[in-house]
Amino acid sequence: MPALKEVARAHTNLDADDVEWLSRLTGDWQIIADLSFADLVLWLPDRDGRGYWGGAQLRPTTGPTAYVDDLVGAFVPRGRRALLDAAYDEGRIAREGDPEWRDDVPVRVETIPVMRAGALLGVVARNTNLLGVRTPSRLELSYLQTASDLTRMISLGRFPYEDPREWSLAPQVGDGFVRIDAAGVVSYASPNAQSAYRRLGLTRDLIGESFAALTASLVPTSGTPTAETLAVTLSGLRPRETEFGNADATIVARIFPLQPAAAHEGAAILLKDVTELRSRERDLLTKDATIREIHHRVKNNLQTVAALLRLQSRRVNAPEARLALDEAVRRVASIAIVHETLSETLDEQVEFDAVSDRLSEMVADVASEMADVTTSRKGSFGLLAAEIATPLAMVITEIMQNAVEHGLSGRPGQVCVQVRRTDLALHVEIDDDGQGLPPGYDQDSSGGLGLSIVRTLVVSELGGRISLGGNSEGGTRVTLDIPFDREARFG
């Protein structure tokens with residue numbers, strides 16, 4: 001189904017500003033459809049004057065639809081729909097005539113000219129399925145009156161509003177509806193609106209109260225201009241969205257000023273009780289903060305363990321024991337780096353490029369005691385889940401350390417990490433320019449503790465594959481293939 005801009009560009013002479021106005025209209029017209037219990041269709045004039053093109057369509061959430069079919073992109077020639085012609089030719093709201101019958105459903109049609117700065121841009125058709133109409137209650141009468149005010153504003157070029165707003169949530173009419181008069185006094189409040197205010201602590205009816213003053217009295221202040229600002233916001237003079245609350249409830253209010261005649265006549269206010277939503281958000285923030293604190297403490301504990309192992313290594317005289325302790329220090333440090341990164345993020349995702357670079361620096365620093373070793377990275381790991389990042393950090397550390405100790409064997413050289421990431425997996429190659437693998441090397445049966453750790457982590461923890469071989473520099477290449485999907489890794 002084509003978009004409004006596509007229909008306008010293909011079939012009309014409307015300019016970019018006109019289309020922007022219509023886009024803002026269709027962005028805000030859900031309230032009109034719901035208050036009207038009616039489908040809305042925006043018809044755009046054909047550039048050759050032959051008829052009208054369907055530019056946008058919206059069905060109500062408060063009643064049955066009048067249109068089963070999608071009309072966006074459809075064409076209606078002039079003369080077929082008298083009310084469309086009347087609204088467009090005469091620039092007036094047209095509602096005369098008998099209901100139309102569509103698929104055995106009687107439909108009342110009203111057409112509203114869409115005006116902007118004195119220019120007529122199109123026509124909104126309001127189509128009401130009369131099978132869903134019943135004896136109107138006070139709620140429905142208030143809905144319909146407000147809808148009529150808003151449609152009148154469309155015909156006067158006052159809706160959508162001149163100062164467009166970005167709405168954070170989208171309160172629906174059914175969430176809570178309040179109508180205030182020009183003095184800001186509540187003339188009608190739906191049951192859901194009453195319930196929302198009872199959660200704030202109101203023990204009486206909203207009707208007859210000054211909406212802004214009452215709200216300010218229920219919401220605590222701290223000596224700042226907040227209360228005055230809230231009172232101005234809720235006065236209904238400007239289109240606004242605001243959030244307020246106390247210890248018991250949190251409410252989002254969206255204000256639609258009403259001016260269907262010369263003077264301001266009040267406002268329609270949609271209310272949404274977001275208490276549970278905000279409570280869940282606070283819980284998630286608390287959970288995230290707790291998780292970050294856990295990672296921070298784990299990092300600190302691992303660094304303490306590494307420091308103790310380092311102290312012990314300095315007191316050991318046996319070279320093999322000292323080497324084993326130094327390797328343990330590096331392994332613990334590599335895990336600590338991952339937890340430090342996780343402690344700085346808002347989720348369990350790690351920007352692994354930074355981790356890989358720090359691991360490379362750590363290995364190069366250790367190797368500098370023997371020779372000048374440079375490390376580099378090509379490609380990007382991107383964001384990795386913690387369950388992949390932690391074992392992968394140990395794997396990279398072990399492979400690079402093996403490259404320094406056994407591949408370069410104390411000689412100057414280079415170790416390069418090359419990464420290729422796809423939607424499904426990571427492909428990592430770690431190359432050195434050392435002496436290469438010994439003749440007859442069997443990766444499944446050869447190697448010490450470090451390579452054994454690497455095999456276990458790659459296969460068992462990451463569900464990937466590892467292979468060792470030579471490279472074009474005469475050194476060693478270790479290749480890792482690690483799938484992202486857990487089912488792909490473990491079936």
# chains A, B, ... in the order shown; residues from 1 in each chain; ligands from 1
>>> residues_around(residues="stretch 68-74 of chain A", least_positions_apart="3", cutoff="10 Å", atoms="only C-alpha atoms", output="PyMOL selection string")
chain A and resi 1-4+6-8+10-11+41-44+52-59+64-65+102-103
>>> select_by_dssp(residues="stretch 35-85 of chain A", states="strand (DSSP E)", output="MDAnalysis selection string")
chainID A and resid 39:45 51:58 75:77
>>> write_last_selection(atoms="C-alpha atoms", output="PDB file, in the first residue's frame")
ATOM      1  CA  ASP A  39     -13.247   5.645   9.708  1.00  0.00           C
ATOM      2  CA  LEU A  40     -11.267   8.537   8.280  1.00  0.00           C
ATOM      3  CA  VAL A  41     -10.060   8.695   4.683  1.00  0.00           C
ATOM      4  CA  LEU A  42      -7.940  11.524   3.293  1.00  0.00           C
ATOM      5  CA  TRP A  43      -8.741  12.260  -0.361  1.00  0.00           C
ATOM      6  CA  LEU A  44      -6.247  14.269  -2.411  1.00  0.00           C
ATOM      7  CA  PRO A  45      -7.198  16.231  -5.551  1.00  0.00           C
ATOM      8  CA  GLY A  51     -11.162  13.323  -9.166  1.00  0.00           C
ATOM      9  CA  TYR A  52      -9.553  12.301  -5.891  1.00  0.00           C
ATOM     10  CA  TRP A  53      -6.865   9.867  -4.750  1.00  0.00           C
ATOM     11  CA  GLY A  54      -6.896   8.045  -1.429  1.00  0.00           C
ATOM     12  CA  GLY A  55      -3.887   9.384   0.478  1.00  0.00           C
ATOM     13  CA  ALA A  56      -4.371   7.945   3.968  1.00  0.00           C
ATOM     14  CA  GLN A  57      -6.883   5.887   5.899  1.00  0.00           C
ATOM     15  CA  LEU A  58      -7.557   5.182   9.578  1.00  0.00           C
ATOM     16  CA  PHE A  75      -9.168   6.777  -7.329  1.00  0.00           C
ATOM     17  CA  VAL A  76     -12.670   8.296  -7.176  1.00  0.00           C
ATOM     18  CA  PRO A  77     -13.708  10.340 -10.255  1.00  0.00           C
TER      19      PRO A  77
END
>>> closest_residue(among="A:Val186, A:Leu270, A:Val123, A:Ala94", to="A:Glu110", atoms="only C-alpha atoms")
A:Ala94
>>> closest_atom_pairs(of="stretch 262-381 of chain A", to="stretch 131-155 of chain A", cutoff="12 Å", atoms="only C-alpha atoms", output="CSV")
residue,atom,partner,partner_atom,distance
A:Ala262,CA,A:Met153,CA,10.6
A:Ala263,CA,A:Met153,CA,11.8
A:His264,CA,A:Asp149,CA,11.1
A:Glu265,CA,A:Asp149,CA,9.3
A:Gly266,CA,A:Thr146,CA,10.1
A:Ala267,CA,A:Thr146,CA,8.7
A:Ala268,CA,A:Thr146,CA,7.1
A:Ile269,CA,A:Thr146,CA,10.4
A:Leu270,CA,A:Tyr143,CA,11.6
>>> write_last_selection(atoms="C-alpha atoms", output="PDB file, in the first residue's frame")
ATOM      1  CA  ALA A 262     -13.260  32.664  16.971  1.00  0.00           C
ATOM      2  CA  ALA A 263     -12.476  32.150  20.670  1.00  0.00           C
ATOM      3  CA  HIS A 264     -10.689  29.393  22.559  1.00  0.00           C
ATOM      4  CA  GLU A 265     -13.268  26.904  23.853  1.00  0.00           C
ATOM      5  CA  GLY A 266     -11.192  24.690  26.120  1.00  0.00           C
ATOM      6  CA  ALA A 267      -9.348  21.483  25.407  1.00  0.00           C
ATOM      7  CA  ALA A 268      -9.616  17.742  25.048  1.00  0.00           C
ATOM      8  CA  ILE A 269      -7.146  15.902  27.268  1.00  0.00           C
ATOM      9  CA  LEU A 270      -6.170  12.278  26.887  1.00  0.00           C
TER      10      LEU A 270
END
>>> residues_around(residues="A:Leu83", least_positions_apart="6", cutoff="10 Å", atoms="only C-alpha atoms", output="list of chain:residue names")
A:Asp89, A:Arg92, A:Ile93, A:Ala94, A:Arg95, A:Glu96, A:Gly97, A:Val109, A:Glu110, A:Thr111, A:Ile112, A:Val123, A:Ala125
>>> write_last_selection(atoms="N, CA, C and O atoms", output="mmCIF file, in the first residue's frame")
data_model
loop_
_atom_site.group_PDB
_atom_site.id
_atom_site.type_symbol
_atom_site.label_atom_id
_atom_site.label_comp_id
_atom_site.auth_asym_id
_atom_site.auth_seq_id
_atom_site.Cartn_x
_atom_site.Cartn_y
_atom_site.Cartn_z
ATOM 1 N N ASP A 89 -15.311 21.721 -3.620
ATOM 2 C CA ASP A 89 -15.669 22.875 -4.458
ATOM 3 C C ASP A 89 -16.109 24.067 -3.623
ATOM 4 O O ASP A 89 -15.832 25.221 -3.982
ATOM 5 N N ARG A 92 -16.518 23.671 2.443
ATOM 6 C CA ARG A 92 -17.356 23.575 3.645
ATOM 7 C C ARG A 92 -17.506 22.124 4.068
ATOM 8 O O ARG A 92 -17.254 21.205 3.289
ATOM 9 N N ILE A 93 -17.874 21.940 5.325
ATOM 10 C CA ILE A 93 -18.174 20.593 5.809
ATOM 11 C C ILE A 93 -19.517 20.183 5.236
ATOM 12 O O ILE A 93 -20.524 20.892 5.369
ATOM 13 N N ALA A 94 -19.547 19.038 4.571
ATOM 14 C CA ALA A 94 -20.766 18.556 3.911
ATOM 15 C C ALA A 94 -21.209 17.260 4.577
ATOM 16 O O ALA A 94 -20.426 16.322 4.707
ATOM 17 N N ARG A 95 -22.479 17.228 5.007
ATOM 18 C CA ARG A 95 -22.994 16.022 5.662
ATOM 19 C C ARG A 95 -24.439 15.726 5.263
ATOM 20 O O ARG A 95 -25.081 14.856 5.839
ATOM 21 N N GLU A 96 -24.968 16.445 4.275
ATOM 22 C CA GLU A 96 -26.363 16.266 3.897
ATOM 23 C C GLU A 96 -26.554 14.972 3.113
ATOM 24 O O GLU A 96 -25.614 14.394 2.584
ATOM 25 N N GLY A 97 -27.798 14.514 3.072
ATOM 26 C CA GLY A 97 -28.113 13.312 2.299
ATOM 27 C C GLY A 97 -28.317 12.096 3.177
ATOM 28 O O GLY A 97 -28.056 12.097 4.386
ATOM 29 N N VAL A 109 -21.838 9.550 6.053
ATOM 30 C CA VAL A 109 -20.619 10.162 5.530
ATOM 31 C C VAL A 109 -20.652 11.666 5.782
ATOM 32 O O VAL A 109 -21.681 12.324 5.583
ATOM 33 N N GLU A 110 -19.512 12.166 6.229
ATOM 34 C CA GLU A 110 -19.326 13.604 6.387
ATOM 35 C C GLU A 110 -17.982 13.949 5.767
ATOM 36 O O GLU A 110 -17.000 13.233 5.987
ATOM 37 N N THR A 111 -17.910 15.013 5.006
ATOM 38 C CA THR A 111 -16.648 15.388 4.350
ATOM 39 C C THR A 111 -16.188 16.749 4.860
ATOM 40 O O THR A 111 -16.976 17.691 4.983
ATOM 41 N N ILE A 112 -14.898 16.817 5.164
ATOM 42 C CA ILE A 112 -14.317 18.014 5.781
ATOM 43 C C ILE A 112 -13.182 18.528 4.905
ATOM 44 O O ILE A 112 -12.225 17.790 4.638
ATOM 45 N N VAL A 123 -9.584 16.581 1.182
ATOM 46 C CA VAL A 123 -10.835 16.380 1.912
ATOM 47 C C VAL A 123 -10.700 15.145 2.791
ATOM 48 O O VAL A 123 -10.208 14.099 2.334
ATOM 49 N N ALA A 125 -12.855 12.390 4.670
ATOM 50 C CA ALA A 125 -14.185 11.802 4.751
ATOM 51 C C ALA A 125 -14.296 11.035 6.065
ATOM 52 O O ALA A 125 -13.459 10.186 6.360
#
>>> residues_around(residues="A:Gly157", least_positions_apart="3", cutoff="9 Å", atoms="only C-alpha atoms", output="PyMOL selection string")
chain A and resi 114-119+152-154+160-161
>>> write_last_selection(atoms="N, CA and C atoms", output="tab-separated table (two decimals), in the first residue's frame")
chain	number	residue	atom	x	y	z
A	114	VAL	N	-9.75	20.17	4.04
A	114	VAL	CA	-8.49	20.36	4.78
A	114	VAL	C	-7.86	21.66	4.31
A	115	MET	N	-7.77	22.63	5.23
A	115	MET	CA	-7.26	23.95	4.87
A	115	MET	C	-5.90	24.19	5.52
A	116	ARG	N	-5.07	24.93	4.80
A	116	ARG	CA	-3.78	25.39	5.34
A	116	ARG	C	-3.48	26.76	4.75
A	117	ALA	N	-3.42	27.76	5.64
A	117	ALA	CA	-3.11	29.13	5.23
A	117	ALA	C	-4.00	29.59	4.07
A	118	GLY	N	-5.30	29.24	4.16
A	118	GLY	CA	-6.26	29.68	3.15
A	118	GLY	C	-6.31	28.82	1.91
A	119	ALA	N	-5.45	27.82	1.80
A	119	ALA	CA	-5.44	26.94	0.62
A	119	ALA	C	-6.09	25.61	0.97
A	152	ARG	N	-14.10	20.72	12.71
A	152	ARG	CA	-14.30	22.13	12.34
A	152	ARG	C	-12.96	22.85	12.28
A	153	MET	N	-12.05	22.52	13.19
A	153	MET	CA	-10.72	23.14	13.19
A	153	MET	C	-9.93	22.74	11.94
A	154	ILE	N	-10.12	21.50	11.46
A	154	ILE	CA	-9.47	21.08	10.21
A	154	ILE	C	-9.92	21.98	9.07
A	160	PRO	N	-3.94	20.14	11.87
A	160	PRO	CA	-3.05	20.01	13.04
A	160	PRO	C	-2.53	21.38	13.50
A	161	TYR	N	-1.90	21.36	14.67
A	161	TYR	CA	-1.46	22.60	15.28
A	161	TYR	C	-0.22	23.16	14.57
>>> residues_around(residues="A:Gly236", least_positions_apart="6", cutoff="12 Å", atoms="only C-alpha atoms", output="NGL selection string")
:A and (178-186 or 210-212 or 230 or 242 or 253-259 or 264-270)
>>> residues_around(residues="A:Thr61", least_positions_apart="3", cutoff="10 Å", atoms="only C-alpha atoms", output="VMD selection string")
chain A and resid 30 to 31 33 to 35 37 to 39 58 64 to 65 172 to 174
>>> residues_around(residues="stretch 408-411 of chain A", least_positions_apart="5", cutoff="8 Å", atoms="only C-alpha atoms", output="list of chain:residue names")
A:Ala367, A:Met370, A:Ala371, A:Asp372, A:Val373, A:Ala403, A:Asp432, A:Asp433, A:Gly434, A:Gln435
>>> closest_residue(among="A:Asn192, A:Arg315, A:Ile335, A:Leu214", to="A:Asp273", atoms="only C-alpha atoms")
A:Asn192
>>> select_by_dssp(residues="stretch 236-441 of chain A", states="alpha helix (DSSP H)", output="VMD selection string")
chain A and resid 275 to 315 319 to 342 352 to 367 386 to 402
>>> atom_distance(atom1="atom CA of A:Pro60", atom2="atom CA of A:Ala86")
24.7 Å
>>> closest_residue(among="A:Asp248, A:Glu20, A:Asp98, A:Asp15", to="A:Gly201", atoms="only C-alpha atoms")
A:Asp248
>>> closest_atom_pairs(of="stretch 359-380 of chain A", to="stretch 417-429 of chain A", cutoff="8 Å", atoms="only C-alpha atoms", output="CSV")
residue,atom,partner,partner_atom,distance
A:Thr375,CA,A:Val417,CA,7.9
A:Ser376,CA,A:Val417,CA,6.2
A:Arg377,CA,A:Val417,CA,4.6
A:Lys378,CA,A:Gln418,CA,4.7
A:Gly379,CA,A:Val419,CA,4.8
A:Ser380,CA,A:Val419,CA,5.9
